[in-house]
>>> print(open('coords.txt').read())   # compact mmCIF, C-alpha atoms and all ligand atoms
# COMPACT_ATOMS: atom_id res chain seq x y z
CA MET M 1 -11.41 18.40 -21.62
CA SER M 2 -13.59 17.64 -18.62
CA THR M 3 -13.11 18.91 -15.11
CA THR M 4 -14.19 16.91 -12.11
CA GLU M 5 -15.75 18.77 -9.20
CA ARG M 6 -13.85 17.50 -6.17
CA LEU M 7 -16.48 16.91 -3.50
CA TYR M 8 -13.88 15.76 -0.96
CA TYR M 9 -12.47 19.31 -0.90
CA GLN M 10 -15.59 20.45 0.98
CA ASP M 11 -16.66 17.30 2.78
CA SER M 12 -14.18 14.58 3.66
CA HIS M 13 -16.96 12.51 5.28
CA LEU M 14 -19.08 12.22 2.14
CA THR M 15 -18.98 8.57 1.10
CA GLU M 16 -21.95 8.28 -1.26
CA PHE M 17 -22.70 10.52 -4.23
CA THR M 18 -24.28 10.53 -7.68
CA ALA M 19 -22.42 11.72 -10.77
CA ARG M 20 -22.52 11.68 -14.55
CA VAL M 21 -19.95 9.79 -16.60
CA THR M 22 -18.11 12.22 -18.89
CA ARG M 23 -15.44 9.94 -20.38
CA VAL M 24 -14.43 6.27 -20.51
CA GLU M 25 -11.04 5.10 -21.74
CA GLU M 26 -8.99 1.94 -21.65
CA PHE M 27 -6.48 2.44 -18.81
CA ALA M 28 -4.67 -0.91 -18.98
CA PRO M 29 -5.61 -4.29 -20.50
CA GLY M 30 -8.97 -5.20 -18.94
CA ARG M 31 -9.09 -2.01 -16.88
CA PHE M 32 -11.07 1.10 -17.70
CA GLY M 33 -10.59 4.67 -16.58
CA VAL M 34 -13.79 6.57 -15.88
CA MET M 35 -14.03 10.35 -15.62
CA LEU M 36 -17.00 11.86 -13.75
CA ASP M 37 -18.43 15.39 -13.54
CA ARG M 38 -18.06 15.19 -9.73
CA THR M 39 -16.42 12.78 -7.29
CA ALA M 40 -15.91 12.10 -3.59
CA PHE M 41 -12.92 9.83 -4.40
CA TYR M 42 -9.54 11.15 -3.33
CA PRO M 43 -6.81 10.38 -5.91
CA THR M 44 -3.23 9.42 -4.98
CA GLY M 45 -1.26 12.57 -4.15
CA GLY M 46 0.29 14.80 -1.50
CA GLY M 47 1.68 11.80 0.41
CA GLN M 48 -1.83 10.32 0.75
CA PRO M 49 -2.82 7.07 -1.03
CA THR M 50 -5.87 6.70 -3.24
CA ASP M 51 -9.41 6.00 -2.06
CA THR M 52 -11.09 2.79 -3.17
CA GLY M 53 -14.80 1.89 -3.42
CA THR M 54 -17.40 1.27 -6.13
CA LEU M 55 -19.04 3.01 -9.10
CA ASP M 56 -22.47 1.33 -9.35
CA GLY M 57 -21.39 -2.31 -8.96
CA ALA M 58 -17.85 -2.04 -10.33
CA ARG M 59 -14.82 -1.89 -8.05
CA VAL M 60 -12.70 1.29 -8.03
CA VAL M 61 -9.14 0.07 -7.44
CA GLU M 62 -7.31 3.35 -7.87
CA CYS M 63 -7.93 7.03 -8.58
CA VAL M 64 -5.43 9.05 -10.58
CA ASP M 65 -5.13 12.83 -10.31
CA GLN M 66 -4.99 14.27 -13.82
CA GLU M 67 -4.84 17.82 -12.43
CA GLU M 68 -6.97 20.15 -14.60
CA ALA M 69 -8.43 17.22 -16.56
CA GLY M 70 -9.95 15.75 -13.40
CA VAL M 71 -9.91 12.52 -11.39
CA LEU M 72 -9.65 9.24 -13.31
CA HIS M 73 -11.36 6.28 -11.56
CA VAL M 74 -9.70 3.00 -12.52
CA LEU M 75 -12.30 0.21 -12.61
CA GLU M 76 -12.13 -3.54 -12.35
CA GLY M 77 -14.93 -4.97 -14.50
CA GLU M 78 -17.43 -3.44 -16.92
CA PRO M 79 -17.35 0.35 -17.20
CA PRO M 80 -20.56 2.44 -17.31
CA ALA M 81 -21.64 4.21 -20.53
CA VAL M 82 -20.76 7.83 -21.20
CA ASP M 83 -23.51 10.18 -19.90
CA ALA M 84 -24.85 7.49 -17.52
CA GLU M 85 -25.85 8.60 -14.00
CA ILE M 86 -24.00 6.44 -11.51
CA VAL M 87 -23.75 6.07 -7.71
CA GLY M 88 -20.27 6.21 -6.24
CA ARG M 89 -19.40 4.75 -2.83
CA VAL M 90 -16.09 5.39 -1.07
CA ASP M 91 -14.68 2.68 1.27
CA TRP M 92 -15.19 4.49 4.57
CA LEU M 93 -12.77 2.57 6.83
CA ARG M 94 -9.91 3.17 4.42
CA ARG M 95 -10.87 6.86 4.13
CA LEU M 96 -11.15 7.18 7.93
CA ASP M 97 -7.68 5.65 8.26
CA HIS M 98 -6.30 8.24 5.83
CA ILE M 99 -8.14 11.04 7.64
CA GLN M 100 -6.60 9.94 10.95
CA GLN M 101 -3.05 9.68 9.59
CA HIS M 102 -3.28 12.91 7.59
CA THR M 103 -4.83 15.04 10.33
CA GLY M 104 -2.50 13.39 12.83
CA GLN M 105 0.41 14.49 10.67
CA HIS M 106 -0.74 18.15 10.69
CA ILE M 107 -1.00 18.05 14.49
CA LEU M 108 2.33 16.28 15.12
CA SER M 109 4.16 18.52 12.64
CA GLN M 110 2.78 21.67 14.30
CA ALA M 111 3.67 20.30 17.77
CA LEU M 112 7.30 19.94 16.59
CA VAL M 113 7.23 23.54 15.27
CA THR M 114 5.63 24.89 18.46
CA LEU M 115 8.11 23.17 20.80
CA PHE M 116 11.35 23.05 18.82
CA ALA M 117 10.85 25.29 15.74
CA ALA M 118 11.40 22.10 13.73
CA PRO M 119 9.53 22.18 10.40
CA THR M 120 8.39 19.05 8.53
CA ARG M 121 9.84 18.74 5.01
CA ALA M 122 8.25 15.51 3.78
CA PHE M 123 5.31 13.22 4.59
CA ARG M 124 4.64 9.67 3.41
CA MET M 125 1.66 7.53 4.32
CA LEU M 126 2.70 3.88 4.02
CA GLU M 127 0.85 0.57 4.43
CA ARG M 128 1.10 0.33 8.23
CA ILE M 129 2.89 3.47 9.33
CA SER M 130 3.52 7.04 8.21
CA GLU M 131 6.78 8.95 8.06
CA ILE M 132 7.69 12.61 8.38
CA ASP M 133 11.12 14.12 7.74
CA VAL M 134 11.67 16.88 10.29
CA GLU M 135 14.42 19.46 10.72
CA LEU M 136 15.02 18.35 14.30
CA ASN M 137 18.72 18.21 15.12
CA ASP M 138 18.61 16.61 18.53
CA PRO M 139 15.96 13.88 18.50
CA THR M 140 16.10 12.65 22.09
CA ARG M 141 13.35 10.45 23.50
CA GLU M 142 12.34 13.26 25.89
CA ARG M 143 11.90 15.82 23.10
CA ILE M 144 9.95 13.46 20.87
CA GLU M 145 7.63 12.32 23.66
CA GLN M 146 7.10 15.98 24.60
CA ALA M 147 5.86 16.62 21.04
CA VAL M 148 3.70 13.48 21.17
CA ASP M 149 2.16 14.68 24.47
CA LEU M 150 1.32 18.09 23.01
CA ALA M 151 -0.12 16.50 19.86
CA ASN M 152 -2.40 14.22 21.89
CA ARG M 153 -3.52 17.10 24.09
CA VAL M 154 -4.68 18.86 20.91
CA VAL M 155 -6.43 15.64 19.79
CA TRP M 156 -8.31 15.27 23.08
CA GLU M 157 -9.30 18.94 23.20
CA ASP M 158 -11.43 17.99 20.17
CA ARG M 159 -10.72 21.23 18.36
CA PRO M 160 -12.63 22.09 15.16
CA VAL M 161 -10.81 21.59 11.83
CA ARG M 162 -11.84 24.12 9.18
CA ILE M 163 -11.28 24.41 5.44
CA TYR M 164 -10.72 27.76 3.69
CA HIS M 165 -10.17 28.63 0.05
CA VAL M 166 -7.99 31.73 -0.30
CA THR M 167 -6.12 33.55 -3.04
CA THR M 168 -2.32 33.47 -3.19
CA ASP M 169 -2.27 37.10 -2.01
CA GLU M 170 -4.51 36.32 0.96
CA ALA M 171 -2.37 33.28 1.77
CA ALA M 172 0.72 35.52 1.91
CA GLN M 173 -0.90 37.38 4.85
CA LEU M 174 -1.59 34.15 6.79
CA PRO M 175 0.84 32.53 9.28
CA LEU M 176 0.98 29.27 7.28
CA ARG M 177 3.11 26.43 8.67
CA ARG M 178 4.54 25.81 5.20
CA ASP M 179 4.55 27.48 1.79
CA SER M 180 2.58 26.07 -1.09
CA ALA M 181 3.95 25.66 -4.59
CA ARG M 182 0.43 26.03 -5.99
CA GLU M 183 -0.65 29.09 -7.96
CA GLY M 184 -4.10 30.68 -7.83
CA SER M 185 -6.69 29.52 -5.29
CA LEU M 186 -5.27 27.80 -2.25
CA ARG M 187 -6.96 25.36 0.13
CA VAL M 188 -5.97 26.02 3.73
CA ILE M 189 -6.66 23.66 6.65
CA GLU M 190 -7.03 25.26 10.08
CA ILE M 191 -6.85 23.37 13.35
CA GLU M 192 -8.37 25.95 15.69
CA ASN M 193 -5.75 28.12 17.42
CA PHE M 194 -3.02 25.61 16.58
CA ASP M 195 -2.17 25.00 12.93
CA LEU M 196 -2.77 26.63 9.57
CA SER M 197 -1.40 24.93 6.49
CA PRO M 198 -2.15 24.59 2.80
CA CYS M 199 -3.24 21.05 1.93
CA GLY M 200 -5.37 19.18 -0.58
CA GLY M 201 -5.90 16.01 1.48
CA THR M 202 -8.82 14.65 3.49
CA HIS M 203 -9.00 15.70 7.14
CA ALA M 204 -11.02 15.18 10.30
CA GLN M 205 -13.92 17.53 11.16
CA ARG M 206 -12.64 17.74 14.72
CA THR M 207 -9.26 16.68 16.13
CA GLY M 208 -10.90 14.12 18.46
CA GLU M 209 -11.51 11.91 15.42
CA VAL M 210 -7.76 11.27 15.22
CA GLY M 211 -8.05 9.33 18.50
CA LEU M 212 -4.38 8.89 19.36
CA ILE M 213 -0.97 9.76 17.92
CA ALA M 214 2.08 7.64 18.74
CA VAL M 215 5.68 7.78 17.48
CA ARG M 216 7.06 4.28 16.90
CA ALA M 217 10.67 5.05 16.00
CA TRP M 218 13.03 7.73 14.72
CA GLU M 219 16.40 7.93 13.03
CA ARG M 220 18.70 10.52 11.51
CA ALA M 221 18.37 10.48 7.71
CA LYS M 222 19.76 12.91 5.12
CA GLY M 223 20.53 15.57 7.73
CA MET M 224 17.00 15.40 9.15
CA THR M 225 15.10 13.31 11.67
CA ARG M 226 12.77 10.71 10.17
CA LEU M 227 9.85 9.99 12.51
CA GLU M 228 7.67 6.89 12.14
CA PHE M 229 4.21 7.51 13.54
CA VAL M 230 0.75 5.95 13.73
CA ALA M 231 -2.62 7.57 14.47
CA GLY M 232 -6.16 6.42 15.23
CA ALA M 233 -7.00 2.80 14.41
CA ARG M 234 -3.41 2.22 13.29
CA ALA M 235 -2.20 3.18 16.77
CA LEU M 236 -4.53 0.56 18.26
CA ALA M 237 -3.35 -2.09 15.74
CA ASP M 238 0.26 -1.17 16.50
CA TYR M 239 -0.38 -1.35 20.25
CA ARG M 240 -1.85 -4.84 19.81
CA ARG M 241 1.19 -6.02 17.87
CA ALA M 242 3.64 -4.45 20.34
CA ASN M 243 1.72 -5.89 23.30
CA GLU M 244 1.66 -9.36 21.74
CA THR M 245 5.41 -9.20 21.05
CA ALA M 246 6.18 -8.11 24.61
CA ARG M 247 3.88 -10.78 26.06
CA GLN M 248 5.46 -13.52 23.95
CA VAL M 249 8.95 -12.47 25.05
CA ALA M 250 7.85 -12.34 28.71
CA ALA M 251 6.21 -15.80 28.43
CA HIS M 252 9.65 -17.34 27.71
CA PHE M 253 10.68 -16.17 31.17
CA SER M 254 7.34 -16.85 32.88
CA ALA M 255 7.51 -13.14 33.70
CA GLY M 256 5.14 -10.22 33.37
CA ARG M 257 5.35 -8.02 30.27
CA ASP M 258 6.97 -5.14 32.14
CA ASP M 259 9.69 -7.42 33.55
CA ALA M 260 10.73 -8.75 30.13
CA PRO M 261 13.59 -6.26 29.44
CA ALA M 262 15.31 -7.12 32.77
CA SER M 263 14.84 -10.85 32.09
CA VAL M 264 16.37 -10.52 28.62
CA ALA M 265 19.30 -8.50 30.02
CA ARG M 266 19.99 -11.24 32.61
CA LEU M 267 19.84 -13.93 29.93
CA LEU M 268 22.32 -12.01 27.74
CA ALA M 269 24.72 -11.58 30.68
CA ASP M 270 24.49 -15.33 31.43
CA HIS M 271 25.04 -16.13 27.75
CA LYS M 272 28.13 -13.94 27.59
CA GLU M 273 29.64 -15.64 30.65
CA LEU M 274 28.81 -19.13 29.32
CA THR M 275 30.34 -18.31 25.93
CA ARG M 276 33.53 -17.20 27.68
CA ARG M 277 33.67 -20.45 29.68
CA VAL M 278 32.97 -22.61 26.61
CA ARG M 279 35.86 -20.88 24.78
CA GLU M 280 38.18 -21.66 27.66
CA LEU M 281 37.10 -25.31 27.70
CA GLU M 282 37.49 -25.58 23.92
CA GLU M 283 41.02 -24.29 24.14
CA THR M 284 41.86 -26.74 26.91
CA THR M 285 40.35 -29.59 24.87
CA ALA M 286 42.32 -28.51 21.79
CA ARG M 287 45.56 -28.55 23.81
CA VAL M 288 44.88 -32.06 25.16
CA GLU M 289 43.93 -33.32 21.67
CA ALA M 290 47.02 -31.69 20.16
CA ASP M 291 49.27 -33.36 22.74
CA GLU M 292 47.72 -36.77 21.98
CA LEU M 293 48.03 -36.33 18.20
CA ARG M 294 51.61 -35.17 18.52
CA ALA M 295 52.51 -38.08 20.82
CA ALA M 296 51.03 -40.53 18.28
CA THR M 297 53.13 -39.05 15.46
CA ALA M 298 56.75 -40.13 15.04
CA PRO M 299 59.26 -37.39 14.13
CA ASP M 300 60.61 -37.55 10.56
CA ALA M 301 64.28 -37.36 9.47
CA HIS M 302 64.33 -33.62 10.29
CA GLY M 303 62.93 -34.22 13.78
CA THR M 304 59.62 -32.66 12.66
CA ARG M 305 56.26 -34.11 13.64
CA ILE M 306 53.85 -33.82 10.69
CA VAL M 307 50.30 -34.31 12.01
CA ALA M 308 48.12 -35.06 8.96
CA ARG M 309 44.47 -35.80 9.77
CA THR M 310 40.96 -35.51 8.34
CA PHE M 311 37.83 -35.17 10.48
CA ALA M 312 34.12 -35.43 9.75
CA GLY M 313 31.86 -32.44 10.36
CA ARG M 314 34.37 -30.32 12.25
CA ASP M 315 33.77 -26.58 11.84
CA ALA M 316 36.42 -24.10 10.71
CA ASP M 317 36.90 -22.55 14.18
CA SER M 318 37.48 -25.91 15.84
CA LEU M 319 39.89 -26.99 13.10
CA LYS M 320 41.86 -23.77 13.46
CA ARG M 321 42.00 -24.06 17.26
CA LEU M 322 43.48 -27.54 16.93
CA ALA M 323 46.05 -26.35 14.35
CA LEU M 324 47.13 -23.48 16.64
CA ALA M 325 47.42 -25.84 19.64
CA LEU M 326 49.60 -28.17 17.53
CA ILE M 327 52.00 -25.52 16.25
CA ALA M 328 52.39 -24.05 19.75
CA GLN M 329 54.86 -26.94 20.15
CA PRO M 330 58.25 -26.69 18.39
CA ASN M 331 59.03 -28.42 15.09
CA THR M 332 55.43 -29.30 14.29
CA ILE M 333 53.41 -29.14 11.08
CA ALA M 334 49.60 -29.49 11.10
CA LEU M 335 47.88 -30.61 7.88
CA LEU M 336 44.21 -30.79 8.87
CA GLY M 337 41.00 -31.29 6.91
CA SER M 338 37.31 -31.63 7.65
CA SER M 339 34.27 -32.33 5.51
CA ASP M 340 30.51 -32.05 5.81
CA ALA M 341 27.84 -32.90 3.24
CA ASP M 342 28.76 -30.03 0.89
CA ASN M 343 32.29 -28.84 1.56
CA ALA M 344 35.84 -29.87 2.34
CA ARG M 345 37.81 -27.51 4.63
CA LEU M 346 41.58 -27.37 4.96
CA ILE M 347 44.08 -25.69 7.26
CA PHE M 348 47.87 -26.06 6.97
CA ALA M 349 50.09 -24.53 9.67
CA ARG M 350 53.61 -24.89 10.96
CA SER M 351 55.57 -23.76 14.01
CA ALA M 352 58.11 -20.98 13.36
CA ASP M 353 61.04 -23.43 13.39
CA ALA M 354 59.49 -26.00 11.00
CA ARG M 355 60.08 -26.08 7.25
CA GLY M 356 57.75 -25.71 4.25
CA ASP M 357 55.59 -23.06 2.56
CA MET M 358 52.00 -23.64 3.71
CA ASN M 359 50.65 -21.19 1.13
CA THR M 360 52.15 -23.18 -1.77
CA LEU M 361 50.96 -26.49 -0.28
CA MET M 362 47.47 -25.08 0.24
CA ARG M 363 47.16 -23.86 -3.35
CA ALA M 364 48.07 -27.32 -4.63
CA ALA M 365 45.64 -28.99 -2.19
CA CYS M 366 42.80 -26.68 -3.21
CA THR M 367 43.29 -27.63 -6.85
CA LEU M 368 42.68 -31.27 -5.83
CA VAL M 369 39.46 -30.48 -3.89
CA ALA M 370 38.25 -28.12 -6.65
CA GLY M 371 38.22 -25.03 -4.49
CA ARG M 372 40.22 -22.01 -3.44
CA GLY M 373 42.51 -20.97 -0.64
CA GLY M 374 45.83 -19.54 0.44
CA GLY M 375 47.57 -17.57 3.16
CA ARG M 376 51.07 -17.07 4.52
CA ALA M 377 54.14 -19.32 4.55
CA ASP M 378 53.36 -20.42 8.12
CA MET M 379 49.55 -20.66 7.92
CA ALA M 380 47.05 -21.11 5.09
CA GLN M 381 43.36 -22.00 4.82
CA GLY M 382 41.12 -23.20 2.01
CA GLY M 383 38.30 -25.44 0.91
CA GLY M 384 36.44 -26.93 -2.01
CA ARG M 385 33.51 -29.03 -3.19
CA ASN M 386 35.34 -32.26 -4.12
CA ILE M 387 35.03 -33.98 -0.74
CA ALA M 388 36.22 -37.31 -2.15
CA GLN M 389 39.70 -35.81 -2.75
CA LEU M 390 40.15 -34.39 0.77
CA ALA M 391 42.24 -37.27 2.19
CA ASN M 392 44.32 -37.41 -0.99
CA ALA M 393 44.97 -33.65 -0.82
CA ILE M 394 46.34 -33.96 2.72
CA GLU M 395 48.46 -37.06 1.94
CA THR M 396 49.88 -35.30 -1.13
CA ALA M 397 50.85 -32.27 1.00
CA ALA M 398 52.50 -34.56 3.59
CA ARG M 399 54.45 -36.42 0.85
CA SER M 400 55.70 -33.21 -0.71
CA LEU M 401 57.26 -32.24 2.65
CA ALA M 402 59.25 -35.49 2.79
ZN ZN K 1 -3.45 17.67 5.05
>>> encode(input="coords.txt", output="structure tokens", more="lines below")
Ligand SMILES: [Zn+2]
Amino acid sequence: MSTTERLYYQDSHLTEFTARVTRVEEFAPGRFGVMLDRTAFYPTGGGQPTDTGTLDGARVVECVDQEEAGVLHVLEGEPPAVDAEIVGRVDWLRRLDHIQQHTGQHILSQALVTLFAAPTRAFRMLERISEIDVELNDPTRERIEQAVDLANRVVWEDRPVRIYHVTTDEAAQLPLRRDSAREGSLRVIEIENFDLSPCGGTHAQRTGEVGLIAVRAWERAKGMTRLEFVAGARALADYRRANETARQVAAHFSAGRDDAPASVARLLADHKELTRRVRELEETTARVEADELRAATAPDAHGTRIVARTFAGRDADSLKRLALALIAQPNTIALLGSSDADNARLIFARSADARGDMNTLMRAACTLVAGRGGGRADMAQGGGRNIAQLANAIETAARSLA
């Protein structure tokens, strides 16, 4: 068993170090796991993703925490020999990003405790954003922005961040923000006069390094409030994306970014009114068309007008509107079909005083067009893929009413 000395516990800004290789093993096909006597690489854990970097020339793609056994560095390429002295380099921009999100999380979580006695129960650092699950019952915009304001005040006060190693007994005497499940020696992170919590992650040396903390969104989830936040360089990247989105929306209206919401609201109101007017016109058109179709159809022996028609490319709504306009007149049966490149659509309907079971007729018609459908005795709908049989299906239905 080998134990790796974890250099990142004492210095989260150390990016270059020398170490001795204590073990090499095959981790996956073509990938080797390398154990060192000491490392500055942070392994995946505690809601924080792995560091990446290099060991001599070889790329470190992931670091795995094997607890007591140490930190396993997963390499792409040739591994070093056991007992070799190597130089490790941690990718600093990725580490800095993790430092900003992680320290930002401590600050935001403590701000929510300070203002609303709302503790954080979970933390996840994702690709672009981070999430915390908070016991905050009433997540209004005002309350969340109040916490964001306090968090940023602490960032800009540039308070020192300190690391302590204490025993479990000593920890019990400290006003820690959360309990630790760990036994034995405990690592405690202090943000001066603000937050004290046990944590094994990498943190800023001073809060100013976090730069900025912003909450993007929140929702109620599993009885808690899930907050999406970004800190540091991520906040700048997120601002750029949000700004670009707002500018693109505003450009459609030749308006300024800040005027975009009012412009969109006006457009939606116009759209609603236009939709209402189009509906009215469609219904009027359907009535006129129905009158013409009815007038062109001679009544049969029962005095019933059976309007049997197929259309090209007519959508289901339009077909149904026409059927309803037809059967608004007494003693009328509508047997209508429409086809586009892929599908045949059918609607059979009759006025209350006309004869025939539309459901039965529809089932027979759908067999012909190789599809499915049905409904009630006075109205049924269906469709199928055999477009070539559409006209035949409607003629057959008309014949069976004779
Ligand atoms: Zn932490």
>>> residues_around(input="coords.txt", residues="Gly373 (chain M)", least_positions_apart="6", cutoff="10 Å", atoms="only C-alpha atoms", output="PyMOL selection string")
chain M and resi 345-347+359-360+362-367+380-384
>>> residues_near_ligand(input="coords.txt", ligand="ligand ZN 1 (chain K)", cutoff="9 Å", atoms="all atoms listed in the file", output="list in words")
Gly46, Gln48, Ile99, His102, Thr103, Gly104, Gln105, His106, Val188, Ile189, Ser197, Pro198, Cys199, Gly200, Gly201, Thr202 and His203 of chain M
>>> write_last_selection(input="coords.txt", atoms="C-alpha atoms", output="PDB file, keeping the file's coordinate frame")
ATOM      1  CA  GLY M  46       0.290  14.800  -1.500  1.00  0.00           C
ATOM      2  CA  GLN M  48      -1.830  10.320   0.750  1.00  0.00           C
ATOM      3  CA  ILE M  99      -8.140  11.040   7.640  1.00  0.00           C
ATOM      4  CA  HIS M 102      -3.280  12.910   7.590  1.00  0.00           C
ATOM      5  CA  THR M 103      -4.830  15.040  10.330  1.00  0.00           C
ATOM      6  CA  GLY M 104      -2.500  13.390  12.830  1.00  0.00           C
ATOM      7  CA  GLN M 105       0.410  14.490  10.670  1.00  0.00           C
ATOM      8  CA  HIS M 106      -0.740  18.150  10.690  1.00  0.00           C
ATOM      9  CA  VAL M 188      -5.970  26.020   3.730  1.00  0.00           C
ATOM     10  CA  ILE M 189      -6.660  23.660   6.650  1.00  0.00           C
ATOM     11  CA  SER M 197      -1.400  24.930   6.490  1.00  0.00           C
ATOM     12  CA  PRO M 198      -2.150  24.590   2.800  1.00  0.00           C
ATOM     13  CA  CYS M 199      -3.240  21.050   1.930  1.00  0.00           C
ATOM     14  CA  GLY M 200      -5.370  19.180  -0.580  1.00  0.00           C
ATOM     15  CA  GLY M 201      -5.900  16.010   1.480  1.00  0.00           C
ATOM     16  CA  THR M 202      -8.820  14.650   3.490  1.00  0.00           C
ATOM     17  CA  HIS M 203      -9.000  15.700   7.140  1.00  0.00           C
TER      18      HIS M 203
END
>>> atom_distance(input="coords.txt", atom1="CA of Pro139 (chain M)", atom2="CA of Ile191 (chain M)")
25.2 Å
>>> atom_distance(input="coords.txt", atom1="CA of Leu319 (chain M)", atom2="CA of His302 (chain M)")
25.5 Å
>>> residues_near_point(input="coords.txt", point="(-13.4, 5.6, -0.9)", cutoff="10 Å", atoms="only C-alpha atoms", output="JSON list (two decimals) with C-alpha atoms, keeping the file's coordinate frame")
[["chain", "number", "residue", "atom", "x", "y", "z"],
["M", 13, "HIS", "CA", -16.96, 12.51, 5.28],
["M", 14, "LEU", "CA", -19.08, 12.22, 2.14],
["M", 15, "THR", "CA", -18.98, 8.57, 1.10],
["M", 16, "GLU", "CA", -21.95, 8.28, -1.26],
["M", 40, "ALA", "CA", -15.91, 12.10, -3.59],
["M", 41, "PHE", "CA", -12.92, 9.83, -4.40],
["M", 42, "TYR", "CA", -9.54, 11.15, -3.33],
["M", 43, "PRO", "CA", -6.81, 10.38, -5.91],
["M", 50, "THR", "CA", -5.87, 6.70, -3.24],
["M", 51, "ASP", "CA", -9.41, 6.00, -2.06],
["M", 52, "THR", "CA", -11.09, 2.79, -3.17],
["M", 53, "GLY", "CA", -14.80, 1.89, -3.42],
["M", 54, "THR", "CA", -17.40, 1.27, -6.13],
["M", 60, "VAL", "CA", -12.70, 1.29, -8.03],
["M", 61, "VAL", "CA", -9.14, 0.07, -7.44],
["M", 62, "GLU", "CA", -7.31, 3.35, -7.87],
["M", 63, "CYS", "CA", -7.93, 7.03, -8.58],
["M", 88, "GLY", "CA", -20.27, 6.21, -6.24],
["M", 89, "ARG", "CA", -19.40, 4.75, -2.83],
["M", 90, "VAL", "CA", -16.09, 5.39, -1.07],
["M", 91, "ASP", "CA", -14.68, 2.68, 1.27],
["M", 92, "TRP", "CA", -15.19, 4.49, 4.57],
["M", 93, "LEU", "CA", -12.77, 2.57, 6.83],
["M", 94, "ARG", "CA", -9.91, 3.17, 4.42],
["M", 95, "ARG", "CA", -10.87, 6.86, 4.13],
["M", 96, "LEU", "CA", -11.15, 7.18, 7.93]]
>>> closest_residue(input="coords.txt", among="M:Ser130, M:Thr3, M:Thr225, M:Gln205", to="Ala118 (chain M)", atoms="all atoms listed in the file")
M:Thr225
>>> atom_distance(input="coords.txt", atom1="CA of Ala290 (chain M)", atom2="CA of His271 (chain M)")
28.0 Å
>>> residues_around(input="coords.txt", residues="Ala398 (chain M)", least_positions_apart="3", cutoff="9 Å", atoms="all atoms listed in the file", output="list of chain:residue names")
M:Ile306, M:Val307, M:Ala308, M:Leu335, M:Ala393, M:Ile394, M:Glu395, M:Leu401, M:Ala402
>>> residues_around(input="coords.txt", residues="Val87 (chain M)", least_positions_apart="3", cutoff="8 Å", atoms="only C-alpha atoms", output="list in words")
Glu16, Phe17, Thr18, Ala19, Leu55 and Asp56 of chain M
>>> residues_near_point(input="coords.txt", point="(-17.3, 13.2, -11.4)", cutoff="7 Å", atoms="all atoms listed in the file", output="list in words")
Thr4, Glu5, Ala19, Arg20, Val21, Met35, Leu36, Asp37, Arg38 and Thr39 of chain M
>>> residues_around(input="coords.txt", residues="Ala377 (chain M)", least_positions_apart="5", cutoff="9 Å", atoms="only C-alpha atoms", output="JSON, numbers by chain")
{"M": [349, 350, 356, 357, 358, 359, 360]}
>>> write_last_selection(input="coords.txt", atoms="C-alpha atoms", output="compact mmCIF listing (two decimals), in the frame of the given file")
# COMPACT_ATOMS: atom_id res chain seq x y z
CA ALA M 349 50.09 -24.53 9.67
CA ARG M 350 53.61 -24.89 10.96
CA GLY M 356 57.75 -25.71 4.25
CA ASP M 357 55.59 -23.06 2.56
CA MET M 358 52.00 -23.64 3.71
CA ASN M 359 50.65 -21.19 1.13
CA THR M 360 52.15 -23.18 -1.77
>>> closest_residue(input="coords.txt", among="M:Val161, M:Val264, M:Leu326, M:Leu390", to="Ala295 (chain M)", atoms="only C-alpha atoms")
M:Leu326
>>> residues_around(input="coords.txt", residues="Ile129 (chain M)", least_positions_apart="4", cutoff="7 Å", atoms="all atoms listed in the file", output="list in words")
Met125, Glu228, Phe229 and Val230 of chain M
>>> axis_aligned_box(input="coords.txt", around="region 311-324 of chain M", padding_each_side="3 Å", output="JSON")
{"center_x": 39.5, "center_y": -29.0, "center_z": 13.5, "size_x": 21.3, "size_y": 18.9, "size_z": 13.5}
>>> closest_residue(input="coords.txt", among="M:Val74, M:Ala334, M:Leu361, M:Ala171", to="Arg187 (chain M)", atoms="only C-alpha atoms")
M:Ala171
>>> closest_residue(input="coords.txt", among="M:Ser318, M:Ser180, M:Gln173, M:Ser109", to="Arg226 (chain M)", atoms="all atoms listed in the file")
M:Ser109
